[in-house]
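First comes the structure, then the notes that go with it.
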Amino acid sequence: MKPLRLLAIGNSFTESLLRDLPPMAAAEGRPLAFANLYIGGCSLRRHAENLEASAADPSYRPYRASFRGFPEEDGLAGEAPASANEMLARGDWDVVTVQQASHESWDYANYQPWGHAVVEAIRRACPGAEVAIQQTWAYRADDDRLRPGGAWGFDQAGMADRVFAAYDRFAADEGIARQIPTGRAVWIIRRREVAPFRPYEVSDLAGYRWPDLPPQAGDVVGRLGWRRNGDTGEMEIGRDTIHLNARGEYLQALVWFGFLFGVDPTSVSYVSPQVGDADARFLRLCARDALAQKA
């Protein structure tokens, strides 16, 4: 069976697919050739600028490309420097995805004209490919920008509303028929958790001693962990309130798998090694409802 060929012009919010999407596709008997272009926090503006720079200088390869599931004759495996131009020039993609950097995703002023330039470059190079948008997600509620008095002036729900509206406008303006609703799936999880995540007091963190941490259950985004401060030599708690955790990565893979192959995620038998069976059933139901737009 010929693999579905997927190119993500992305950042860390597509890098998080590498753990579960390829083994899920393999386990479900759906061949997938997946290439992810990664620069941390890469925005539509930077993607557009990279396309222009690489067109002028083909040796400019600013991305770390990760390749999974390609036939040996393609010569695409492991990781390698790459440009979006050279990947698009292959022209053999079935689906090419784009997204905005998460910190700019809630304000449509950050999308254009750069998003249009990226979409047009894809369509010129790959007229037979579907251009799809990954709808990204609102940060965990303990993000300092979303707390009362935070820099953005709105909370998690306010971020989610703005993110969804911006992606809907981007899709409409660019004539993109389908979004991969990862952000909607995350929001559904948050509404359905029996014991949802509750933010801790940041001032309390100084009172914790290794290996203790505040409770983190009840969300698919974020993680806290201990790390050594290179300047002081002391252990401190590092906070990630942005990226998917292991549950979230499994949820994201379910949403993408269902989107790409037209499969009901509740039929998926693959379970991530870091997710329990009961929780996997819950995540599969939420992925299904996100794809069906049942909020």
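Lettering and numbering for the structure tokens are positional, with chains as A, B, ... in the shown order, residues counted from 1 in each chain, and ligands counted from 1 in the shown order.
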Taking a cut-off of 12 Å and counting only C-alpha atoms, can you build a table that, for each residue of stretch 104-187 of chain A near stretch 8-24 of chain A, reports the nearest atom pair and how far apart they are in Å (one decimal), sorted by chain then residue number, as a Markdown table?
```
| residue | atom | partner | partner_atom | distance |
| --- | --- | --- | --- | --- |
| A:Ser105 | CA | A:Phe13 | CA | 11.9 |
| A:Gly115 | CA | A:Ile9 | CA | 11.6 |
| A:Val118 | CA | A:Ile9 | CA | 9.3 |
| A:Val119 | CA | A:Ile9 | CA | 10.4 |
| A:Ala121 | CA | A:Ile9 | CA | 11.6 |
| A:Ile122 | CA | A:Ile9 | CA | 9.9 |
| A:Glu130 | CA | A:Ala8 | CA | 11.7 |
| A:Val131 | CA | A:Ala8 | CA | 10.0 |
| A:Ala132 | CA | A:Ala8 | CA | 9.4 |
| A:Ile133 | CA | A:Ala8 | CA | 9.6 |
| A:Gln134 | CA | A:Thr14 | CA | 8.6 |
| A:Gln135 | CA | A:Phe13 | CA | 10.0 |
| A:Thr136 | CA | A:Phe13 | CA | 7.5 |
| A:Trp137 | CA | A:Phe13 | CA | 9.3 |
| A:Ala138 | CA | A:Phe13 | CA | 12.0 |
| A:Tyr139 | CA | A:Phe13 | CA | 12.0 |
| A:Ile180 | CA | A:Thr14 | CA | 11.5 |
| A:Thr182 | CA | A:Phe13 | CA | 9.9 |
| A:Gly183 | CA | A:Phe13 | CA | 10.8 |
```
Give me the residues of stretch 140-206 of chain A that have any atom at most 12 Å from an atom of stretch 267-284 of chain A; for each, the nearest atom pair and the distance in Å, rounded to one decimal. Use only C-alpha atoms, sort by chain and number, and format it as a tab-separated table.
```
residue	atom	partner	partner_atom	distance
A:Thr182	CA	A:Leu283	CA	11.8
A:Ala185	CA	A:Leu283	CA	8.7
A:Val186	CA	A:Leu283	CA	9.6
A:Trp187	CA	A:Leu283	CA	11.8
A:Ile188	CA	A:Leu283	CA	9.7
A:Ile189	CA	A:Leu283	CA	7.5
A:Arg190	CA	A:Leu283	CA	11.1
A:Arg192	CA	A:Phe282	CA	9.4
A:Glu193	CA	A:Phe282	CA	9.4
A:Val194	CA	A:Phe282	CA	11.1
```
Between A:Ala287, A:Ala55, A:Ala246, A:Ala166, which one has atoms that come closest to A:Val263, using only C-alpha atoms?
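Closest candidate: A:Ala287.
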Correct to one decimal, the distance atom CA of A:Gly233-atom CA of A:Ser203 is 21.1 Å
Tell me, in Å to one decimal, how far atom CA of A:Ser102 is from atom CA of A:Pro127.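 Computing the Euclidean distance for atom CA of A:Ser102 and atom CA of A:Pro127 yields 27.6 Å.
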- request: Step one, run DSSP on the backbone; step two, keep only residues of stretch 7-84 of chain A assigned to strand (DSSP E); then write them as an NGL selection string.
  value: :A and (7-9 or 32-38 or 63-68 or 78-82)
In Å, with one decimal, what is the gap from atom CA of A:Leu146 to atom CA of A:Tyr250?
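One can read the atom CA of A:Leu146 to atom CA of A:Tyr250 distance as 25.0 Å.
Nearest-residue note for A:Leu4: choosing from A:Leu260, A:Leu244, A:Leu44, A:Ala109, the minimum distance belongs to A:Leu260, counting only C-alpha atoms.
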task = For A:Gly78, list every protein, DNA or RNA residue within 10 Å, evaluated using only C-alpha atoms, and leave out those in the same chain fewer than 6 positions away; present the list as a list in words.
result =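 Listed by chain and then number, they are Ala35, Ala65, Ser66, Phe67, Arg68 and Gly69 of chain A.
For the residues A:Ala33, A:Leu7, A:Ala80, A:Ala141, ranking by smallest atom-to-atom distance to A:Gln216 using only C-alpha atoms places A:Ala141 first.
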Could you find all residues in stretch 141-218 of chain A that DSSP calls alpha helix (DSSP H) from the backbone, and write them as an NGL selection string?
:A and (156-174 or 182-192)
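Across A:Asp231, A:Glu73, A:Glu236, A:Glu201, the tightest approach to A:Asp144 is made by A:Glu201 when counting only C-alpha atoms.
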So that I can see what lies close to A:Met1, please list as a PyMOL selection string the residues with an atom at most 10 Å from it, counting only C-alpha atoms and leaving out residues fewer than 3 positions away in the same chain. chain A and resi 4+29-31
Output C-alpha atoms for every residue in that selection, as a PDB file, in the first residue's frame.
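part.pdb, written as the output of this step:
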```pdb
ATOM      1  CA  LEU A   4       0.185   8.858   2.683  1.00  0.00           C
ATOM      2  CA  GLY A  29      -2.053  -0.632   9.131  1.00  0.00           C
ATOM      3  CA  ARG A  30      -2.063   2.870   7.600  1.00  0.00           C
ATOM      4  CA  PRO A  31       1.310   3.570   5.937  1.00  0.00           C
TER       5      PRO A  31
END
```
- Task: Go through A:Leu88, A:Cys126, A:Ala48, A:Met159 one by one, measure the shortest atom-to-atom distance of each to A:Gln112 using only C-alpha atoms, and give the residue with the smallest value.
- Result: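 Of the candidates, the smallest distance to A:Gln112 is held by A:Ala48.
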For this session: Could you tell me which of A:Cys286, A:Leu6, A:Met87, A:Ala82 comes closest to A:Phe70 if we count only C-alpha atoms?
Result: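 Closest candidate: A:Leu6.
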So which residues touch A:Asp155 within 9 Å, counting only C-alpha atoms, skipping near sequence neighbours fewer than 5 positions away, as a short mmCIF file (atom, residue, chain, number, x, y, z; two decimals) with N, CA and C atoms, in the first residue's frame?
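Result written to selection.cif:
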```
data_model
loop_
_atom_site.label_atom_id
_atom_site.label_comp_id
_atom_site.auth_asym_id
_atom_site.auth_seq_id
_atom_site.Cartn_x
_atom_site.Cartn_y
_atom_site.Cartn_z
N ALA A 141 -3.39 26.86 32.39
CA ALA A 141 -3.88 28.01 33.16
C ALA A 141 -2.83 28.61 34.09
N ARG A 145 1.17 34.63 31.63
CA ARG A 145 0.46 35.58 30.77
C ARG A 145 -1.05 35.45 30.89
N LEU A 146 -1.52 34.31 31.40
CA LEU A 146 -2.96 34.05 31.50
C LEU A 146 -3.49 34.20 32.92
N ARG A 147 -2.61 34.36 33.87
CA ARG A 147 -3.05 34.55 35.25
C ARG A 147 -3.66 35.95 35.43
N PRO A 148 -4.44 36.16 36.49
CA PRO A 148 -4.96 37.51 36.75
C PRO A 148 -3.82 38.53 36.79
N GLY A 150 -2.03 39.19 34.20
CA GLY A 150 -1.02 38.78 33.24
C GLY A 150 -0.88 39.73 32.06
N ALA A 160 -8.24 30.71 24.21
CA ALA A 160 -8.85 29.71 23.33
C ALA A 160 -9.81 30.37 22.34
#
```
Compile the contact shell of A:Trp226 as a list in words: residues with an atom at most 12 Å away, counting only C-alpha atoms, same-chain residues fewer than 4 positions apart removed. Leu205, Tyr208, Arg209, Trp210, Pro211, Asp212, Leu213, Pro214, Glu234, Met235, Glu236, Ile237, Gly238, Arg239 and Asp240 of chain A
